[in-house]
file input_1.txt (compact mmCIF, N, CA and C atoms)
# COMPACT_ATOMS: atom_id res chain seq x y z
N MET J 1 153.46 1.20 131.55
CA MET J 1 152.87 0.74 130.32
C MET J 1 152.37 1.93 129.52
N LEU J 2 152.46 1.79 128.22
CA LEU J 2 151.98 2.83 127.31
C LEU J 2 151.33 2.16 126.11
N LEU J 3 150.07 2.46 125.88
CA LEU J 3 149.36 1.98 124.71
C LEU J 3 149.30 3.13 123.72
N ALA J 4 149.94 2.96 122.56
CA ALA J 4 150.04 4.07 121.61
C ALA J 4 150.03 3.56 120.18
N LYS J 5 149.56 4.42 119.29
CA LYS J 5 149.56 4.10 117.87
C LYS J 5 150.86 4.62 117.26
N GLN J 6 151.61 3.71 116.62
CA GLN J 6 152.88 4.07 116.00
C GLN J 6 152.90 3.47 114.60
N ASN J 7 153.19 4.28 113.60
CA ASN J 7 153.23 3.81 112.21
C ASN J 7 151.96 3.06 111.82
N ASN J 8 150.84 3.60 112.20
CA ASN J 8 149.51 3.05 111.88
C ASN J 8 149.20 1.71 112.55
N GLU J 9 149.97 1.33 113.58
CA GLU J 9 149.72 0.12 114.35
C GLU J 9 149.68 0.46 115.84
N TRP J 10 148.80 -0.22 116.57
CA TRP J 10 148.76 -0.05 118.02
C TRP J 10 149.78 -0.96 118.67
N ASN J 11 150.51 -0.42 119.64
CA ASN J 11 151.51 -1.17 120.39
C ASN J 11 151.39 -0.89 121.88
N LEU J 12 151.69 -1.90 122.66
CA LEU J 12 151.74 -1.77 124.11
C LEU J 12 153.21 -1.86 124.51
N SER J 13 153.75 -0.78 125.06
CA SER J 13 155.14 -0.75 125.53
C SER J 13 155.15 -0.94 127.04
N VAL J 14 155.91 -1.93 127.49
CA VAL J 14 155.97 -2.26 128.91
C VAL J 14 157.39 -2.01 129.41
N SER J 15 157.52 -1.17 130.42
CA SER J 15 158.83 -0.87 131.01
C SER J 15 158.89 -1.41 132.43
N ILE J 16 160.04 -1.97 132.76
CA ILE J 16 160.30 -2.39 134.14
C ILE J 16 161.63 -1.79 134.56
N PRO J 17 161.79 -1.48 135.85
CA PRO J 17 162.99 -0.77 136.29
C PRO J 17 164.32 -1.47 135.96
N SER J 18 164.33 -2.79 135.88
CA SER J 18 165.59 -3.50 135.64
C SER J 18 166.04 -3.48 134.17
N ASN J 19 165.18 -3.03 133.26
CA ASN J 19 165.53 -2.95 131.84
C ASN J 19 165.61 -1.49 131.40
N LYS J 20 166.60 -1.19 130.57
CA LYS J 20 166.73 0.17 130.07
C LYS J 20 165.69 0.49 129.00
N GLU J 21 165.32 -0.50 128.19
CA GLU J 21 164.37 -0.28 127.11
C GLU J 21 163.06 -0.99 127.39
N ALA J 22 161.98 -0.41 126.90
CA ALA J 22 160.67 -1.04 127.04
C ALA J 22 160.56 -2.23 126.09
N THR J 23 159.75 -3.19 126.49
CA THR J 23 159.41 -4.31 125.62
C THR J 23 158.12 -3.94 124.91
N VAL J 24 158.12 -4.07 123.58
CA VAL J 24 156.98 -3.65 122.79
C VAL J 24 156.20 -4.88 122.34
N PHE J 25 154.88 -4.83 122.56
CA PHE J 25 153.96 -5.88 122.15
C PHE J 25 153.01 -5.30 121.12
N LYS J 26 152.87 -5.95 119.99
CA LYS J 26 151.96 -5.51 118.94
C LYS J 26 150.54 -5.92 119.30
N VAL J 27 149.60 -4.99 119.18
CA VAL J 27 148.19 -5.32 119.40
C VAL J 27 147.73 -6.14 118.20
N THR J 28 147.35 -7.40 118.46
CA THR J 28 146.97 -8.31 117.37
C THR J 28 145.47 -8.51 117.26
N SER J 29 144.73 -8.11 118.29
CA SER J 29 143.28 -8.28 118.26
C SER J 29 142.62 -7.26 119.18
N ILE J 30 141.55 -6.65 118.69
CA ILE J 30 140.78 -5.71 119.50
C ILE J 30 139.30 -5.99 119.26
N SER J 31 138.54 -6.07 120.36
CA SER J 31 137.09 -6.16 120.25
C SER J 31 136.49 -5.19 121.26
N GLU J 32 135.21 -5.24 121.45
CA GLU J 32 134.54 -4.29 122.34
C GLU J 32 135.07 -4.35 123.78
N ASN J 33 135.34 -5.54 124.29
CA ASN J 33 135.75 -5.71 125.69
C ASN J 33 137.10 -6.37 125.87
N THR J 34 137.85 -6.59 124.79
CA THR J 34 139.09 -7.35 124.87
C THR J 34 140.15 -6.76 123.96
N PHE J 35 141.42 -6.83 124.38
CA PHE J 35 142.49 -6.63 123.43
C PHE J 35 143.65 -7.56 123.77
N ILE J 36 144.33 -8.02 122.72
CA ILE J 36 145.43 -8.97 122.85
C ILE J 36 146.67 -8.36 122.21
N CYS J 37 147.80 -8.50 122.91
CA CYS J 37 149.08 -8.01 122.43
C CYS J 37 150.07 -9.17 122.41
N GLU J 38 150.95 -9.18 121.41
CA GLU J 38 151.90 -10.28 121.31
C GLU J 38 153.29 -9.80 120.91
N ASN J 39 154.28 -10.50 121.44
CA ASN J 39 155.68 -10.33 121.06
C ASN J 39 156.31 -11.71 121.16
N GLN J 40 156.37 -12.41 120.03
CA GLN J 40 156.85 -13.79 120.02
C GLN J 40 158.36 -13.91 120.25
N THR J 41 159.09 -12.80 120.18
CA THR J 41 160.53 -12.85 120.45
C THR J 41 160.85 -12.69 121.93
N ASN J 42 159.88 -12.28 122.73
CA ASN J 42 160.08 -12.12 124.17
C ASN J 42 159.95 -13.49 124.85
N ASP J 43 160.81 -13.75 125.86
CA ASP J 43 160.74 -15.03 126.57
C ASP J 43 159.43 -15.17 127.33
N PHE J 44 159.16 -14.22 128.20
CA PHE J 44 157.92 -14.23 128.97
C PHE J 44 157.57 -12.82 129.34
N PRO J 45 156.35 -12.43 129.08
CA PRO J 45 155.30 -13.13 128.36
C PRO J 45 155.45 -12.94 126.86
N LYS J 46 154.86 -13.82 126.12
CA LYS J 46 154.77 -13.67 124.67
C LYS J 46 153.42 -13.05 124.29
N LYS J 47 152.43 -13.24 125.18
CA LYS J 47 151.08 -12.78 124.90
C LYS J 47 150.51 -12.11 126.15
N ILE J 48 149.85 -10.96 125.97
CA ILE J 48 149.16 -10.24 127.04
C ILE J 48 147.72 -10.03 126.57
N GLU J 49 146.79 -10.43 127.40
CA GLU J 49 145.38 -10.25 127.06
C GLU J 49 144.67 -9.51 128.19
N TYR J 50 143.91 -8.48 127.84
CA TYR J 50 143.09 -7.73 128.79
C TYR J 50 141.63 -7.84 128.36
N TRP J 51 140.72 -7.96 129.34
CA TRP J 51 139.29 -7.98 129.04
C TRP J 51 138.50 -7.56 130.27
N PHE J 52 137.29 -7.07 130.00
CA PHE J 52 136.36 -6.72 131.07
C PHE J 52 135.44 -7.90 131.33
N GLU J 53 135.25 -8.21 132.60
CA GLU J 53 134.31 -9.24 133.01
C GLU J 53 133.59 -8.73 134.24
N ASP J 54 132.28 -8.63 134.15
CA ASP J 54 131.48 -8.01 135.20
C ASP J 54 132.01 -6.60 135.43
N ALA J 55 132.36 -6.25 136.65
CA ALA J 55 132.84 -4.90 136.95
C ALA J 55 134.37 -4.85 137.03
N ASN J 56 135.04 -5.93 136.64
CA ASN J 56 136.50 -6.01 136.80
C ASN J 56 137.23 -6.04 135.47
N LEU J 57 138.43 -5.50 135.49
CA LEU J 57 139.36 -5.66 134.38
C LEU J 57 140.22 -6.87 134.72
N LYS J 58 140.34 -7.80 133.77
CA LYS J 58 141.15 -8.99 133.98
C LYS J 58 142.25 -9.04 132.94
N ALA J 59 143.32 -9.75 133.28
CA ALA J 59 144.44 -9.88 132.35
C ALA J 59 145.10 -11.25 132.52
N THR J 60 145.70 -11.69 131.44
CA THR J 60 146.51 -12.90 131.47
C THR J 60 147.78 -12.60 130.70
N ILE J 61 148.92 -12.97 131.29
CA ILE J 61 150.19 -12.93 130.57
C ILE J 61 150.64 -14.37 130.43
N SER J 62 151.18 -14.71 129.25
CA SER J 62 151.47 -16.12 129.03
C SER J 62 152.53 -16.34 127.96
N ASN J 63 153.04 -17.56 127.97
CA ASN J 63 153.79 -18.15 126.86
C ASN J 63 153.28 -19.59 126.78
N PRO J 64 153.74 -20.42 125.87
CA PRO J 64 153.19 -21.77 125.77
C PRO J 64 153.36 -22.62 127.04
N GLU J 65 154.32 -22.32 127.88
CA GLU J 65 154.57 -23.14 129.07
C GLU J 65 153.93 -22.61 130.36
N ARG J 66 153.56 -21.35 130.38
CA ARG J 66 153.14 -20.74 131.65
C ARG J 66 152.10 -19.65 131.41
N GLU J 67 151.23 -19.48 132.42
CA GLU J 67 150.18 -18.46 132.35
C GLU J 67 149.98 -17.86 133.74
N ILE J 68 149.88 -16.55 133.81
CA ILE J 68 149.60 -15.85 135.06
C ILE J 68 148.38 -14.97 134.84
N LYS J 69 147.41 -15.09 135.74
CA LYS J 69 146.16 -14.34 135.62
C LYS J 69 146.11 -13.21 136.66
N PHE J 70 145.46 -12.11 136.28
CA PHE J 70 145.31 -10.96 137.16
C PHE J 70 143.85 -10.51 137.15
N ILE J 71 143.39 -9.99 138.29
CA ILE J 71 142.08 -9.36 138.39
C ILE J 71 142.29 -7.98 139.00
N PHE J 72 141.85 -6.95 138.31
CA PHE J 72 141.96 -5.58 138.78
C PHE J 72 140.59 -5.10 139.22
N GLU J 73 140.50 -4.55 140.41
CA GLU J 73 139.24 -4.03 140.92
C GLU J 73 139.33 -2.52 141.07
N LYS J 74 138.21 -1.85 140.85
CA LYS J 74 138.16 -0.40 141.04
C LYS J 74 138.37 -0.08 142.51
N ASN J 75 139.12 0.98 142.77
CA ASN J 75 139.30 1.46 144.13
C ASN J 75 138.08 2.30 144.46
N LYS J 76 137.21 1.76 145.28
CA LYS J 76 135.94 2.44 145.60
C LYS J 76 136.15 3.74 146.35
N HIS J 77 137.32 3.93 146.95
CA HIS J 77 137.61 5.17 147.68
C HIS J 77 137.93 6.32 146.74
N LEU J 78 138.28 6.02 145.50
CA LEU J 78 138.63 7.07 144.55
C LEU J 78 137.46 7.48 143.67
N ILE J 79 136.35 6.78 143.77
CA ILE J 79 135.19 7.07 142.91
C ILE J 79 134.28 8.08 143.58

call {"tool": "encode", "arguments": {"input": "input_1.txt", "output": "structure tokens"}}
result
Amino acid sequence: MLLAKQNNEWNLSVSIPSNKEATVFKVTSISENTFICENQTNDFPKKIEYWFEDANLKATISNPEREIKFIFEKNKHLI
């Protein structure tokens, strides 16, 4: 994943080994603890949301039919 500003817009580029090109999601919303990225032409996900809750980073990837949630925890051994 790469979060970068291109042509005055923030984009999240997601690469997976089975695809030659990254899928680009436009950042559509940013707040203090949340950001949302969307690509309505992508089958799944169409929307990616990241936010902080307590000490964890959480994420949801979704389209109108399906949603998958993630919880990321800090690796206490690396701190």

call {"tool": "residues_around", "arguments": {"input": "input_1.txt", "residues": "J:Lys47", "least_positions_apart": "3", "cutoff": "6 Å", "atoms": "only C-alpha atoms", "output": "PyMOL selection string"}}
result
chain J and resi 37-38+61-62

call {"tool": "residues_around", "arguments": {"input": "input_1.txt", "residues": "J:Phe25", "least_positions_apart": "3", "cutoff": "10 Å", "atoms": "only C-alpha atoms", "output": "MDAnalysis selection string"}}
result
chainID J and resid 3 10:14 22 28 36:42 45:48

call {"tool": "atom_distance", "arguments": {"input": "input_1.txt", "atom1": "atom CA of J:Asn33", "atom2": "atom N of J:Met1"}}
result
19.9 Å

call {"tool": "atom_distance", "arguments": {"input": "input_1.txt", "atom1": "atom CA of J:Thr34", "atom2": "atom CA of J:Tyr50"}}
result
5.6 Å

call {"tool": "atom_distance", "arguments": {"input": "input_1.txt", "atom1": "atom CA of J:Pro17", "atom2": "atom CA of J:Phe70"}}
result
20.4 Å

call {"tool": "closest_residue", "arguments": {"input": "input_1.txt", "among": "J:Ser29, J:Thr23, J:Asn56, J:Ser18", "to": "J:Asp43", "atoms": "only C-alpha atoms"}}
result
J:Thr23

call {"tool": "closest_residue", "arguments": {"input": "input_1.txt", "among": "J:Leu2, J:Leu57, J:Ile68, J:Ile30", "to": "J:Ile16", "atoms": "only C-alpha atoms"}}
result
J:Leu2

call {"tool": "closest_residue", "arguments": {"input": "input_1.txt", "among": "J:Ala55, J:Val24, J:Thr60, J:Asn8", "to": "J:Glu73", "atoms": "only N, CA and C atoms"}}
result
J:Ala55

call {"tool": "select_by_dssp", "arguments": {"input": "input_1.txt", "residues": "chain J", "states": "strand (DSSP E)", "output": "PyMOL selection string"}}
result
chain J and resi 2-6+9-14+23-30+34-38+47-53+56-63+66-72

call {"tool": "axis_aligned_box", "arguments": {"input": "input_1.txt", "around": "stretch 39-58 of chain J", "padding_each_side": "6 Å", "output": "AutoDock Vina command-line options"}}
result
--center_x 146.2 --center_y -10.0 --center_z 128.5 --size_x 41.4 --size_y 22.3 --size_z 29.0

call {"tool": "decode", "arguments": {"input": "input_1.txt", "residues": "stretch 23-73 of chain J", "atoms": "N, CA and C atoms", "output": "short mmCIF file (atom, residue, chain, number, x, y, z; two decimals), in the first residue's frame"}}
result
data_model
loop_
_atom_site.label_atom_id
_atom_site.label_comp_id
_atom_site.auth_asym_id
_atom_site.auth_seq_id
_atom_site.Cartn_x
_atom_site.Cartn_y
_atom_site.Cartn_z
N THR J 23 -4.34 -1.02 -7.59
CA THR J 23 -5.68 -0.45 -7.61
C THR J 23 -5.63 0.85 -6.82
N VAL J 24 -6.12 1.93 -7.41
CA VAL J 24 -6.03 3.24 -6.78
C VAL J 24 -7.39 3.62 -6.21
N PHE J 25 -7.37 4.04 -4.94
CA PHE J 25 -8.56 4.51 -4.24
C PHE J 25 -8.37 5.97 -3.90
N LYS J 26 -9.33 6.81 -4.25
CA LYS J 26 -9.27 8.23 -3.95
C LYS J 26 -9.66 8.45 -2.49
N VAL J 27 -8.88 9.25 -1.78
CA VAL J 27 -9.23 9.60 -0.41
C VAL J 27 -10.39 10.60 -0.49
N THR J 28 -11.56 10.19 0.06
CA THR J 28 -12.76 11.02 -0.04
C THR J 28 -13.10 11.74 1.25
N SER J 29 -12.47 11.32 2.35
CA SER J 29 -12.75 11.95 3.64
C SER J 29 -11.56 11.76 4.57
N ILE J 30 -11.20 12.84 5.26
CA ILE J 30 -10.12 12.78 6.25
C ILE J 30 -10.57 13.56 7.47
N SER J 31 -10.38 12.96 8.65
CA SER J 31 -10.61 13.68 9.90
C SER J 31 -9.44 13.38 10.83
N GLU J 32 -9.53 13.79 12.05
CA GLU J 32 -8.41 13.61 12.99
C GLU J 32 -8.03 12.14 13.18
N ASN J 33 -9.00 11.24 13.25
CA ASN J 33 -8.73 9.83 13.53
C ASN J 33 -9.22 8.88 12.46
N THR J 34 -9.68 9.39 11.32
CA THR J 34 -10.29 8.54 10.30
C THR J 34 -9.90 9.00 8.90
N PHE J 35 -9.76 8.04 7.98
CA PHE J 35 -9.76 8.42 6.58
C PHE J 35 -10.47 7.34 5.77
N ILE J 36 -11.15 7.78 4.71
CA ILE J 36 -11.95 6.91 3.86
C ILE J 36 -11.46 7.06 2.43
N CYS J 37 -11.30 5.91 1.75
CA CYS J 37 -10.87 5.87 0.36
C CYS J 37 -11.92 5.11 -0.44
N GLU J 38 -12.15 5.55 -1.68
CA GLU J 38 -13.16 4.89 -2.50
C GLU J 38 -12.71 4.74 -3.95
N ASN J 39 -13.16 3.64 -4.54
CA ASN J 39 -13.00 3.38 -5.97
C ASN J 39 -14.25 2.61 -6.39
N GLN J 40 -15.24 3.34 -6.91
CA GLN J 40 -16.52 2.73 -7.25
C GLN J 40 -16.46 1.82 -8.47
N THR J 41 -15.36 1.87 -9.23
CA THR J 41 -15.23 0.97 -10.38
C THR J 41 -14.63 -0.38 -10.00
N ASN J 42 -14.08 -0.50 -8.81
CA ASN J 42 -13.51 -1.76 -8.34
C ASN J 42 -14.63 -2.67 -7.82
N ASP J 43 -14.53 -3.98 -8.12
CA ASP J 43 -15.56 -4.91 -7.64
C ASP J 43 -15.57 -5.00 -6.12
N PHE J 44 -14.44 -5.34 -5.55
CA PHE J 44 -14.32 -5.43 -4.10
C PHE J 44 -12.89 -5.18 -3.71
N PRO J 45 -12.68 -4.30 -2.77
CA PRO J 45 -13.64 -3.42 -2.12
C PRO J 45 -13.87 -2.16 -2.95
N LYS J 46 -14.97 -1.52 -2.71
CA LYS J 46 -15.24 -0.21 -3.29
C LYS J 46 -14.85 0.89 -2.31
N LYS J 47 -14.85 0.54 -1.01
CA LYS J 47 -14.59 1.52 0.03
C LYS J 47 -13.63 0.92 1.06
N ILE J 48 -12.64 1.70 1.49
CA ILE J 48 -11.70 1.31 2.54
C ILE J 48 -11.73 2.42 3.59
N GLU J 49 -11.94 2.03 4.82
CA GLU J 49 -11.98 3.01 5.91
C GLU J 49 -11.00 2.59 7.00
N TYR J 50 -10.17 3.52 7.45
CA TYR J 50 -9.24 3.31 8.56
C TYR J 50 -9.58 4.30 9.66
N TRP J 51 -9.48 3.85 10.92
CA TRP J 51 -9.69 4.74 12.06
C TRP J 51 -9.00 4.19 13.29
N PHE J 52 -8.70 5.10 14.22
CA PHE J 52 -8.12 4.72 15.50
C PHE J 52 -9.24 4.59 16.52
N GLU J 53 -9.19 3.51 17.28
CA GLU J 53 -10.13 3.30 18.38
C GLU J 53 -9.35 2.73 19.54
N ASP J 54 -9.37 3.43 20.65
CA ASP J 54 -8.54 3.08 21.80
C ASP J 54 -7.09 3.05 21.34
N ALA J 55 -6.38 1.96 21.57
CA ALA J 55 -4.97 1.88 21.17
C ALA J 55 -4.79 1.12 19.85
N ASN J 56 -5.88 0.85 19.15
CA ASN J 56 -5.81 0.03 17.94
C ASN J 56 -6.16 0.81 16.68
N LEU J 57 -5.55 0.40 15.59
CA LEU J 57 -5.95 0.87 14.27
C LEU J 57 -6.95 -0.15 13.75
N LYS J 58 -8.09 0.33 13.27
CA LYS J 58 -9.11 -0.56 12.72
C LYS J 58 -9.38 -0.19 11.27
N ALA J 59 -9.89 -1.16 10.53
CA ALA J 59 -10.19 -0.93 9.12
C ALA J 59 -11.39 -1.76 8.71
N THR J 60 -12.09 -1.25 7.71
CA THR J 60 -13.18 -1.98 7.08
C THR J 60 -13.01 -1.83 5.58
N ILE J 61 -13.12 -2.95 4.87
CA ILE J 61 -13.18 -2.90 3.41
C ILE J 61 -14.57 -3.40 3.04
N SER J 62 -15.20 -2.75 2.05
CA SER J 62 -16.59 -3.10 1.78
C SER J 62 -17.02 -2.73 0.37
N ASN J 63 -18.15 -3.32 0.00
CA ASN J 63 -18.97 -2.90 -1.12
C ASN J 63 -20.41 -3.01 -0.61
N PRO J 64 -21.42 -2.69 -1.38
CA PRO J 64 -22.78 -2.74 -0.84
C PRO J 64 -23.23 -4.13 -0.36
N GLU J 65 -22.63 -5.19 -0.85
CA GLU J 65 -23.05 -6.54 -0.48
C GLU J 65 -22.23 -7.19 0.64
N ARG J 66 -21.04 -6.68 0.89
CA ARG J 66 -20.13 -7.39 1.80
C ARG J 66 -19.24 -6.41 2.54
N GLU J 67 -18.85 -6.81 3.77
CA GLU J 67 -17.96 -5.98 4.60
C GLU J 67 -17.02 -6.89 5.37
N ILE J 68 -15.75 -6.53 5.40
CA ILE J 68 -14.75 -7.27 6.17
C ILE J 68 -14.06 -6.27 7.09
N LYS J 69 -13.99 -6.63 8.38
CA LYS J 69 -13.39 -5.74 9.38
C LYS J 69 -12.03 -6.28 9.82
N PHE J 70 -11.13 -5.35 10.16
CA PHE J 70 -9.79 -5.69 10.61
C PHE J 70 -9.47 -4.89 11.87
N ILE J 71 -8.68 -5.50 12.76
CA ILE J 71 -8.14 -4.81 13.93
C ILE J 71 -6.64 -5.03 13.92
N PHE J 72 -5.88 -3.94 13.94
CA PHE J 72 -4.43 -4.00 13.96
C PHE J 72 -3.95 -3.61 15.35
N GLU J 73 -3.09 -4.42 15.93
CA GLU J 73 -2.54 -4.13 17.24
C GLU J 73 -1.05 -3.86 17.12
#
